[in-house]
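Working notes, structure below.
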Amino acid sequence: MSEYKGKTVTVKVPAQTICDKFADLSKLAGSISNVPEDQLRKIGNIKLEPQAVVVDNAMVGELRFEVVERTPERIVMACRRPIYMGMNIDMAANGANAEDTDVTTSIDVDLPFFIKPMLGPKMQFVADGFADMVATIAGASAAE
């Protein structure tokens with residue numbers, strides 16, 4: 001299993017607010033419309049269900065990410081086919097302002113060893129972009 005840790009972004013809402021946004025993923029359609037078009041094109045077609053995000057990407061096919069853990073400290077979404085991939089959102093109160101939340105994303109993926117050199121850098125790019133997407137969904141501005 002390989003882990004790709006994304007950058008940390010600070011969002012100007014409490015962690016519980018972010019957690020609440022992920023309570024029913026089908027309600028995120030409005031927030032997803034705020035994601036830049038070029039990012040959405042890279043991701044693929046997105047279908048939102050109450051407890052899952054289904055991404056249909058031309059390169060990898062359909063990926064179904066289901067929420068398997070949701071707390072004000074951590075949200076985990078997992079895809080089990082065609083390979084295991086976990087997308088994690090770790091949240092902690094910002095030291096400077098208790099109402100702000102530091103969000104760090106990571107991706108755990110089970111890549112065959114011969115594919116890691118090709119996909120590793122792309123997975124790191126995805127992990128960093130995932131942090132920005134969470135900030136957009138939270139409805140707050142992100143600052144590194």
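Letters A, B, ... go to the chains of the structure tokens in the order shown; residues in each chain start at 1; ligands are counted from 1 in the same order.
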
Name all residues at most 7 Å from Asn45 of chain A (count only C-alpha atoms; drop same-chain ones fewer than 3 positions away) and give them as a ChimeraX atom specification.
/A:55-57

Residues near Gln51 of chain A, anyone? I mean within 12 Å using only C-alpha atoms, not counting same-chain ones fewer than 4 positions away, as a PyMOL selection string.
chain A and resi 21-28+47+64-70+75-78

Nearest to Asp20 of chain A: which of A:Val53, A:Met1, A:Ile137, A:Met87 is it, counting only C-alpha atoms?
A:Ile137

From chain A, collect each residue whose DSSP state is strand (DSSP E) and return the set as a CSV table (one decimal) with N, CA, C and O atoms, in the first residue's frame.
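Saved as selection.csv:
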chain,number,residue,atom,x,y,z
A,2,SER,N,0.6,2.2,-0.9
A,2,SER,CA,1.3,3.4,-0.9
A,2,SER,C,0.4,4.5,-0.5
A,2,SER,O,-0.8,4.6,-0.7
A,3,GLU,N,1.0,5.5,0.3
A,3,GLU,CA,0.3,6.7,0.7
A,3,GLU,C,0.9,7.9,0.1
A,3,GLU,O,2.1,8.1,0.0
A,4,TYR,N,0.0,8.7,-0.4
A,4,TYR,CA,0.3,10.0,-1.0
A,4,TYR,C,-0.4,11.1,-0.2
A,4,TYR,O,-1.6,11.2,-0.2
A,5,LYS,N,0.4,11.9,0.5
A,5,LYS,CA,-0.1,12.9,1.4
A,5,LYS,C,-0.2,14.2,0.7
A,5,LYS,O,0.8,14.7,0.1
A,6,GLY,N,-1.4,14.8,0.7
A,6,GLY,CA,-1.6,16.1,0.1
A,6,GLY,C,-1.1,17.2,1.0
A,6,GLY,O,-0.8,17.1,2.1
A,7,LYS,N,-1.2,18.4,0.4
A,7,LYS,CA,-0.8,19.6,1.1
A,7,LYS,C,-1.9,19.9,2.2
A,7,LYS,O,-3.0,19.4,2.1
A,8,THR,N,-1.6,20.7,3.2
A,8,THR,CA,-2.5,21.1,4.2
A,8,THR,C,-3.1,22.4,3.8
A,8,THR,O,-2.3,23.3,3.4
A,9,VAL,N,-4.4,22.6,3.8
A,9,VAL,CA,-5.0,23.8,3.6
A,9,VAL,C,-5.8,24.2,4.8
A,9,VAL,O,-6.3,23.4,5.6
A,10,THR,N,-6.0,25.5,5.0
A,10,THR,CA,-6.8,26.0,6.1
A,10,THR,C,-8.1,26.5,5.6
A,10,THR,O,-8.1,27.3,4.6
A,11,VAL,N,-9.2,26.0,6.1
A,11,VAL,CA,-10.6,26.4,5.7
A,11,VAL,C,-11.2,27.2,6.9
A,11,VAL,O,-10.9,26.9,8.0
A,45,ASN,N,-16.8,12.1,-15.3
A,45,ASN,CA,-18.2,12.3,-15.0
A,45,ASN,C,-18.4,11.9,-13.5
A,45,ASN,O,-18.0,10.8,-13.1
A,46,ILE,N,-19.1,12.8,-12.7
A,46,ILE,CA,-19.3,12.5,-11.3
A,46,ILE,C,-20.8,12.4,-11.1
A,46,ILE,O,-21.6,13.2,-11.5
A,47,LYS,N,-21.1,11.3,-10.4
A,47,LYS,CA,-22.5,11.0,-9.9
A,47,LYS,C,-22.5,11.0,-8.4
A,47,LYS,O,-21.6,10.2,-7.8
A,48,LEU,N,-23.3,11.7,-7.8
A,48,LEU,CA,-23.4,11.8,-6.3
A,48,LEU,C,-24.6,11.0,-5.8
A,48,LEU,O,-25.7,11.2,-6.2
A,49,GLU,N,-24.3,10.1,-4.8
A,49,GLU,CA,-25.3,9.4,-4.1
A,49,GLU,C,-25.2,9.7,-2.7
A,49,GLU,O,-24.2,10.3,-2.2
A,52,ALA,N,-22.0,7.8,-1.4
A,52,ALA,CA,-21.0,7.5,-2.4
A,52,ALA,C,-20.8,8.5,-3.5
A,52,ALA,O,-21.8,9.2,-3.8
A,53,VAL,N,-19.6,8.6,-4.0
A,53,VAL,CA,-19.3,9.4,-5.2
A,53,VAL,C,-18.8,8.4,-6.2
A,53,VAL,O,-17.9,7.6,-6.0
A,54,VAL,N,-19.5,8.4,-7.4
A,54,VAL,CA,-19.1,7.5,-8.5
A,54,VAL,C,-18.5,8.4,-9.6
A,54,VAL,O,-19.1,9.3,-10.0
A,55,VAL,N,-17.3,8.0,-9.9
A,55,VAL,CA,-16.5,8.8,-10.9
A,55,VAL,C,-16.4,7.8,-12.1
A,55,VAL,O,-15.9,6.7,-12.0
A,56,ASP,N,-16.8,8.3,-13.3
A,56,ASP,CA,-16.6,7.5,-14.5
A,56,ASP,C,-15.5,8.3,-15.3
A,56,ASP,O,-15.7,9.4,-15.8
A,57,ASN,N,-14.3,7.7,-15.4
A,57,ASN,CA,-13.2,8.3,-16.1
A,57,ASN,C,-12.8,7.4,-17.3
A,57,ASN,O,-12.7,6.2,-17.1
A,61,GLY,N,-12.2,3.8,-16.0
A,61,GLY,CA,-13.6,3.3,-15.9
A,61,GLY,C,-14.3,3.9,-14.7
A,61,GLY,O,-13.9,5.0,-14.2
A,62,GLU,N,-15.2,3.1,-14.2
A,62,GLU,CA,-16.0,3.6,-13.1
A,62,GLU,C,-15.4,3.3,-11.7
A,62,GLU,O,-15.0,2.1,-11.5
A,63,LEU,N,-15.3,4.3,-10.9
A,63,LEU,CA,-14.7,4.2,-9.5
A,63,LEU,C,-15.8,4.6,-8.6
A,63,LEU,O,-16.4,5.7,-8.7
A,64,ARG,N,-16.1,3.8,-7.6
A,64,ARG,CA,-17.2,4.1,-6.6
A,64,ARG,C,-16.5,4.3,-5.2
A,64,ARG,O,-16.0,3.3,-4.7
A,65,PHE,N,-16.5,5.5,-4.7
A,65,PHE,CA,-16.0,5.9,-3.4
A,65,PHE,C,-17.1,6.0,-2.4
A,65,PHE,O,-17.9,6.9,-2.5
A,66,GLU,N,-17.1,5.0,-1.5
A,66,GLU,CA,-18.1,5.0,-0.4
A,66,GLU,C,-17.6,5.6,0.9
A,66,GLU,O,-16.4,5.3,1.2
A,67,VAL,N,-18.4,6.3,1.6
A,67,VAL,CA,-18.0,6.8,2.9
A,67,VAL,C,-17.9,5.6,3.9
A,67,VAL,O,-18.9,4.9,4.1
A,68,VAL,N,-16.8,5.4,4.5
A,68,VAL,CA,-16.6,4.3,5.4
A,68,VAL,C,-16.3,4.8,6.9
A,68,VAL,O,-16.4,4.0,7.8
A,69,GLU,N,-16.0,6.1,7.0
A,69,GLU,CA,-15.8,6.7,8.3
A,69,GLU,C,-16.1,8.2,8.2
A,69,GLU,O,-15.7,8.8,7.2
A,70,ARG,N,-16.8,8.7,9.1
A,70,ARG,CA,-17.1,10.2,9.1
A,70,ARG,C,-17.1,10.7,10.6
A,70,ARG,O,-18.1,10.4,11.3
A,74,ARG,N,-11.9,13.0,11.0
A,74,ARG,CA,-11.5,12.3,9.8
A,74,ARG,C,-12.7,11.8,9.0
A,74,ARG,O,-13.7,11.3,9.5
A,75,ILE,N,-12.6,11.9,7.7
A,75,ILE,CA,-13.5,11.3,6.8
A,75,ILE,C,-12.7,10.4,5.8
A,75,ILE,O,-11.7,10.8,5.3
A,76,VAL,N,-13.2,9.2,5.7
A,76,VAL,CA,-12.6,8.2,4.8
A,76,VAL,C,-13.6,7.7,3.7
A,76,VAL,O,-14.7,7.3,4.1
A,77,MET,N,-13.2,7.8,2.5
A,77,MET,CA,-14.0,7.3,1.4
A,77,MET,C,-13.1,6.2,0.7
A,77,MET,O,-11.9,6.5,0.4
A,78,ALA,N,-13.7,5.1,0.5
A,78,ALA,CA,-12.9,3.9,-0.1
A,78,ALA,C,-13.5,3.4,-1.4
A,78,ALA,O,-14.8,3.3,-1.5
A,79,CYS,N,-12.7,3.1,-2.3
A,79,CYS,CA,-13.0,2.4,-3.5
A,79,CYS,C,-12.3,1.0,-3.5
A,79,CYS,O,-11.1,1.0,-3.2
A,85,MET,N,-8.5,1.9,-3.1
A,85,MET,CA,-8.0,3.3,-3.0
A,85,MET,C,-8.8,3.9,-1.9
A,85,MET,O,-10.1,3.9,-1.9
A,86,GLY,N,-8.1,4.5,-0.9
A,86,GLY,CA,-8.8,5.2,0.1
A,86,GLY,C,-8.5,6.7,0.0
A,86,GLY,O,-7.3,7.1,-0.2
A,87,MET,N,-9.5,7.6,0.1
A,87,MET,CA,-9.3,9.0,0.1
A,87,MET,C,-9.6,9.5,1.5
A,87,MET,O,-10.8,9.4,1.9
A,88,ASN,N,-8.6,10.1,2.1
A,88,ASN,CA,-8.8,10.5,3.5
A,88,ASN,C,-8.7,12.0,3.7
A,88,ASN,O,-7.9,12.7,3.0
A,89,ILE,N,-9.6,12.5,4.6
A,89,ILE,CA,-9.6,13.9,4.9
A,89,ILE,C,-9.4,14.0,6.4
A,89,ILE,O,-10.3,13.6,7.2
A,90,ASP,N,-8.2,14.5,6.8
A,90,ASP,CA,-7.9,14.6,8.2
A,90,ASP,C,-8.1,16.1,8.6
A,90,ASP,O,-7.6,17.0,7.9
A,91,MET,N,-8.8,16.3,9.7
A,91,MET,CA,-9.1,17.7,10.1
A,91,MET,C,-8.7,18.0,11.6
A,91,MET,O,-8.9,17.1,12.4
A,92,ALA,N,-8.1,19.2,11.8
A,92,ALA,CA,-7.7,19.6,13.1
A,92,ALA,C,-7.9,21.1,13.2
A,92,ALA,O,-7.8,21.8,12.3
A,93,ALA,N,-8.2,21.5,14.5
A,93,ALA,CA,-8.4,22.9,14.7
A,93,ALA,C,-7.1,23.6,14.4
A,93,ALA,O,-6.1,23.2,14.8
A,101,THR,N,-10.1,25.4,10.3
A,101,THR,CA,-9.7,24.0,10.4
A,101,THR,C,-8.6,23.7,9.4
A,101,THR,O,-8.7,24.2,8.2
A,102,ASP,N,-7.6,23.1,9.9
A,102,ASP,CA,-6.5,22.6,9.0
A,102,ASP,C,-6.9,21.3,8.4
A,102,ASP,O,-7.2,20.3,9.1
A,103,VAL,N,-6.9,21.2,7.1
A,103,VAL,CA,-7.4,20.0,6.4
A,103,VAL,C,-6.2,19.4,5.6
A,103,VAL,O,-5.5,20.1,4.9
A,104,THR,N,-5.9,18.1,5.9
A,104,THR,CA,-4.8,17.4,5.2
A,104,THR,C,-5.4,16.2,4.5
A,104,THR,O,-6.1,15.4,5.2
A,105,THR,N,-5.2,16.1,3.3
A,105,THR,CA,-5.8,15.0,2.5
A,105,THR,C,-4.7,13.9,2.2
A,105,THR,O,-3.5,14.3,2.2
A,106,SER,N,-5.1,12.7,2.1
A,106,SER,CA,-4.1,11.7,1.6
A,106,SER,C,-4.9,10.6,0.8
A,106,SER,O,-6.1,10.5,1.0
A,107,ILE,N,-4.1,9.9,0.0
A,107,ILE,CA,-4.7,8.8,-0.7
A,107,ILE,C,-3.9,7.6,-0.5
A,107,ILE,O,-2.6,7.6,-0.6
A,108,ASP,N,-4.5,6.5,-0.1
A,108,ASP,CA,-3.9,5.2,0.1
A,108,ASP,C,-4.3,4.4,-1.1
A,108,ASP,O,-5.5,4.2,-1.4
A,109,VAL,N,-3.4,3.8,-1.8
A,109,VAL,CA,-3.7,3.0,-3.0
A,109,VAL,C,-2.8,1.8,-3.1
A,109,VAL,O,-1.6,1.9,-2.7

Which distance in Å separates atom CA of Ala98 of chain A and atom CA of Gln16 of chain A, to one decimal?
12.0 Å

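For the atom pair formed by atom CA of Gly95 of chain A and atom CA of Thr136 of chain A, the distance is 21.3 Å, given to one decimal.
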
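Atom to atom, atom CA of Cys19 of chain A and atom CA of Glu73 of chain A stand 8.3 Å apart.
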
Within 9 Å of Glu99 of chain A, counting only C-alpha atoms, which residues show up once you throw out same-chain ones fewer than 2 positions away? Write them as a list in words, please.
Lys12, Val13, Pro14, Ala15, Ala93, Asn94, Asn97 and Thr101 of chain A

Store the residues picked out above, limited to C-alpha atoms, as a PDB file, in the first residue's frame.
ATOM      1  CA  LYS A  12     -12.453  29.128   7.562  1.00  0.00           C
ATOM      2  CA  VAL A  13     -15.098  26.822   9.056  1.00  0.00           C
ATOM      3  CA  PRO A  14     -15.079  24.404  12.005  1.00  0.00           C
ATOM      4  CA  ALA A  15     -14.362  20.711  11.350  1.00  0.00           C
ATOM      5  CA  ALA A  93      -8.445  22.895  14.717  1.00  0.00           C
ATOM      6  CA  ASN A  94      -6.119  25.605  13.490  1.00  0.00           C
ATOM      7  CA  ASN A  97      -8.040  30.464  15.185  1.00  0.00           C
ATOM      8  CA  THR A 101      -9.734  23.972  10.362  1.00  0.00           C
TER       9      THR A 101
END

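Shell of Gly120 of chain A at 9 Å, with only C-alpha atoms counted and residues fewer than 3 places along the chain excluded, is A:Ser2, A:Tyr4, A:Leu111, A:Ile115, A:Lys116, A:Pro117, A:Met123, A:Gln124, A:Phe125.
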
Output of the above residues as an mmCIF file, in the first residue's frame, restricted to C-alpha atoms:
data_model
loop_
_atom_site.group_PDB
_atom_site.id
_atom_site.type_symbol
_atom_site.label_atom_id
_atom_site.label_comp_id
_atom_site.auth_asym_id
_atom_site.auth_seq_id
_atom_site.Cartn_x
_atom_site.Cartn_y
_atom_site.Cartn_z
ATOM 1 C CA SER A 2 1.318 3.418 -0.937
ATOM 2 C CA TYR A 4 0.320 10.026 -1.028
ATOM 3 C CA LEU A 111 -0.604 -0.142 -6.828
ATOM 4 C CA ILE A 115 3.061 0.775 -12.057
ATOM 5 C CA LYS A 116 4.226 2.910 -9.099
ATOM 6 C CA PRO A 117 6.958 4.771 -11.037
ATOM 7 C CA MET A 123 -1.225 10.309 -7.419
ATOM 8 C CA GLN A 124 0.668 13.034 -5.545
ATOM 9 C CA PHE A 125 -0.875 15.639 -7.857
#

Expected answer as a short mmCIF file (atom, residue, chain, number, x, y, z; two decimals) with N, CA, C and O atoms, in the first residue's frame: helix (DSSP H, G or I) residues in segment 1-71 of chain A:
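Done, and the output landed in out32.cif:
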data_model
loop_
_atom_site.label_atom_id
_atom_site.label_comp_id
_atom_site.auth_asym_id
_atom_site.auth_seq_id
_atom_site.Cartn_x
_atom_site.Cartn_y
_atom_site.Cartn_z
N ALA A 15 -14.41 22.08 11.89
CA ALA A 15 -14.36 20.71 11.35
C ALA A 15 -15.75 20.08 11.30
O ALA A 15 -16.07 19.36 10.36
N GLN A 16 -16.59 20.35 12.29
CA GLN A 16 -17.93 19.77 12.30
C GLN A 16 -18.74 20.22 11.07
O GLN A 16 -19.50 19.44 10.50
N THR A 17 -18.55 21.45 10.64
CA THR A 17 -19.24 21.95 9.45
C THR A 17 -18.81 21.17 8.21
O THR A 17 -19.64 20.81 7.37
N ILE A 18 -17.51 20.88 8.11
CA ILE A 18 -17.01 20.09 6.98
C ILE A 18 -17.59 18.68 7.05
O ILE A 18 -18.09 18.14 6.05
N CYS A 19 -17.57 18.09 8.24
CA CYS A 19 -18.13 16.76 8.44
C CYS A 19 -19.60 16.72 8.03
O CYS A 19 -20.04 15.80 7.34
N ASP A 20 -20.35 17.74 8.42
CA ASP A 20 -21.78 17.80 8.08
C ASP A 20 -22.00 17.88 6.58
O ASP A 20 -22.97 17.33 6.06
N LYS A 21 -21.09 18.56 5.86
CA LYS A 21 -21.21 18.65 4.40
C LYS A 21 -21.12 17.28 3.75
O LYS A 21 -21.68 17.06 2.68
N LEU A 25 -23.79 12.98 0.53
CA LEU A 25 -22.98 13.42 -0.61
C LEU A 25 -23.82 13.88 -1.80
O LEU A 25 -23.36 14.69 -2.59
N SER A 26 -25.06 13.40 -1.89
CA SER A 26 -25.90 13.81 -3.02
C SER A 26 -26.24 15.30 -2.95
O SER A 26 -26.59 15.90 -3.96
N LYS A 27 -26.09 15.90 -1.79
CA LYS A 27 -26.37 17.33 -1.62
C LYS A 27 -25.18 18.22 -1.99
O LYS A 27 -25.26 19.44 -1.88
N LEU A 28 -24.09 17.62 -2.45
CA LEU A 28 -22.89 18.38 -2.79
C LEU A 28 -22.88 18.89 -4.23
O LEU A 28 -21.92 19.52 -4.65
N ALA A 29 -23.93 18.62 -4.97
CA ALA A 29 -23.96 19.00 -6.39
C ALA A 29 -23.67 20.49 -6.56
O ALA A 29 -22.91 20.88 -7.45
N GLY A 30 -24.26 21.34 -5.73
CA GLY A 30 -24.02 22.78 -5.84
C GLY A 30 -22.57 23.13 -5.57
O GLY A 30 -22.00 23.99 -6.24
N SER A 31 -21.97 22.46 -4.59
CA SER A 31 -20.56 22.73 -4.27
C SER A 31 -19.64 22.25 -5.38
O SER A 31 -18.64 22.89 -5.69
N ILE A 32 -19.98 21.13 -6.00
CA ILE A 32 -19.15 20.59 -7.09
C ILE A 32 -19.18 21.55 -8.28
O ILE A 32 -18.19 21.67 -9.00
N GLU A 37 -13.77 24.05 -14.14
CA GLU A 37 -14.09 23.13 -15.24
C GLU A 37 -12.90 22.27 -15.64
O GLU A 37 -13.06 21.07 -15.91
N ASP A 38 -11.69 22.83 -15.66
CA ASP A 38 -10.52 22.04 -16.06
C ASP A 38 -10.24 20.91 -15.08
O ASP A 38 -9.84 19.82 -15.47
N GLN A 39 -10.49 21.14 -13.78
CA GLN A 39 -10.32 20.07 -12.79
C GLN A 39 -11.37 18.98 -13.00
O GLN A 39 -11.05 17.80 -12.93
N LEU A 40 -12.61 19.39 -13.24
CA LEU A 40 -13.67 18.40 -13.44
C LEU A 40 -13.42 17.56 -14.69
O LEU A 40 -13.70 16.35 -14.69
N ARG A 41 -12.89 18.15 -15.75
CA ARG A 41 -12.59 17.41 -16.97
C ARG A 41 -11.56 16.32 -16.68
O ARG A 41 -11.66 15.22 -17.21
N LYS A 42 -10.58 16.62 -15.85
CA LYS A 42 -9.55 15.64 -15.51
C LYS A 42 -10.12 14.50 -14.67
O LYS A 42 -9.67 13.37 -14.78
N ILE A 43 -11.10 14.81 -13.84
CA ILE A 43 -11.69 13.80 -12.96
C ILE A 43 -12.58 12.85 -13.76
O ILE A 43 -12.51 11.64 -13.62
#
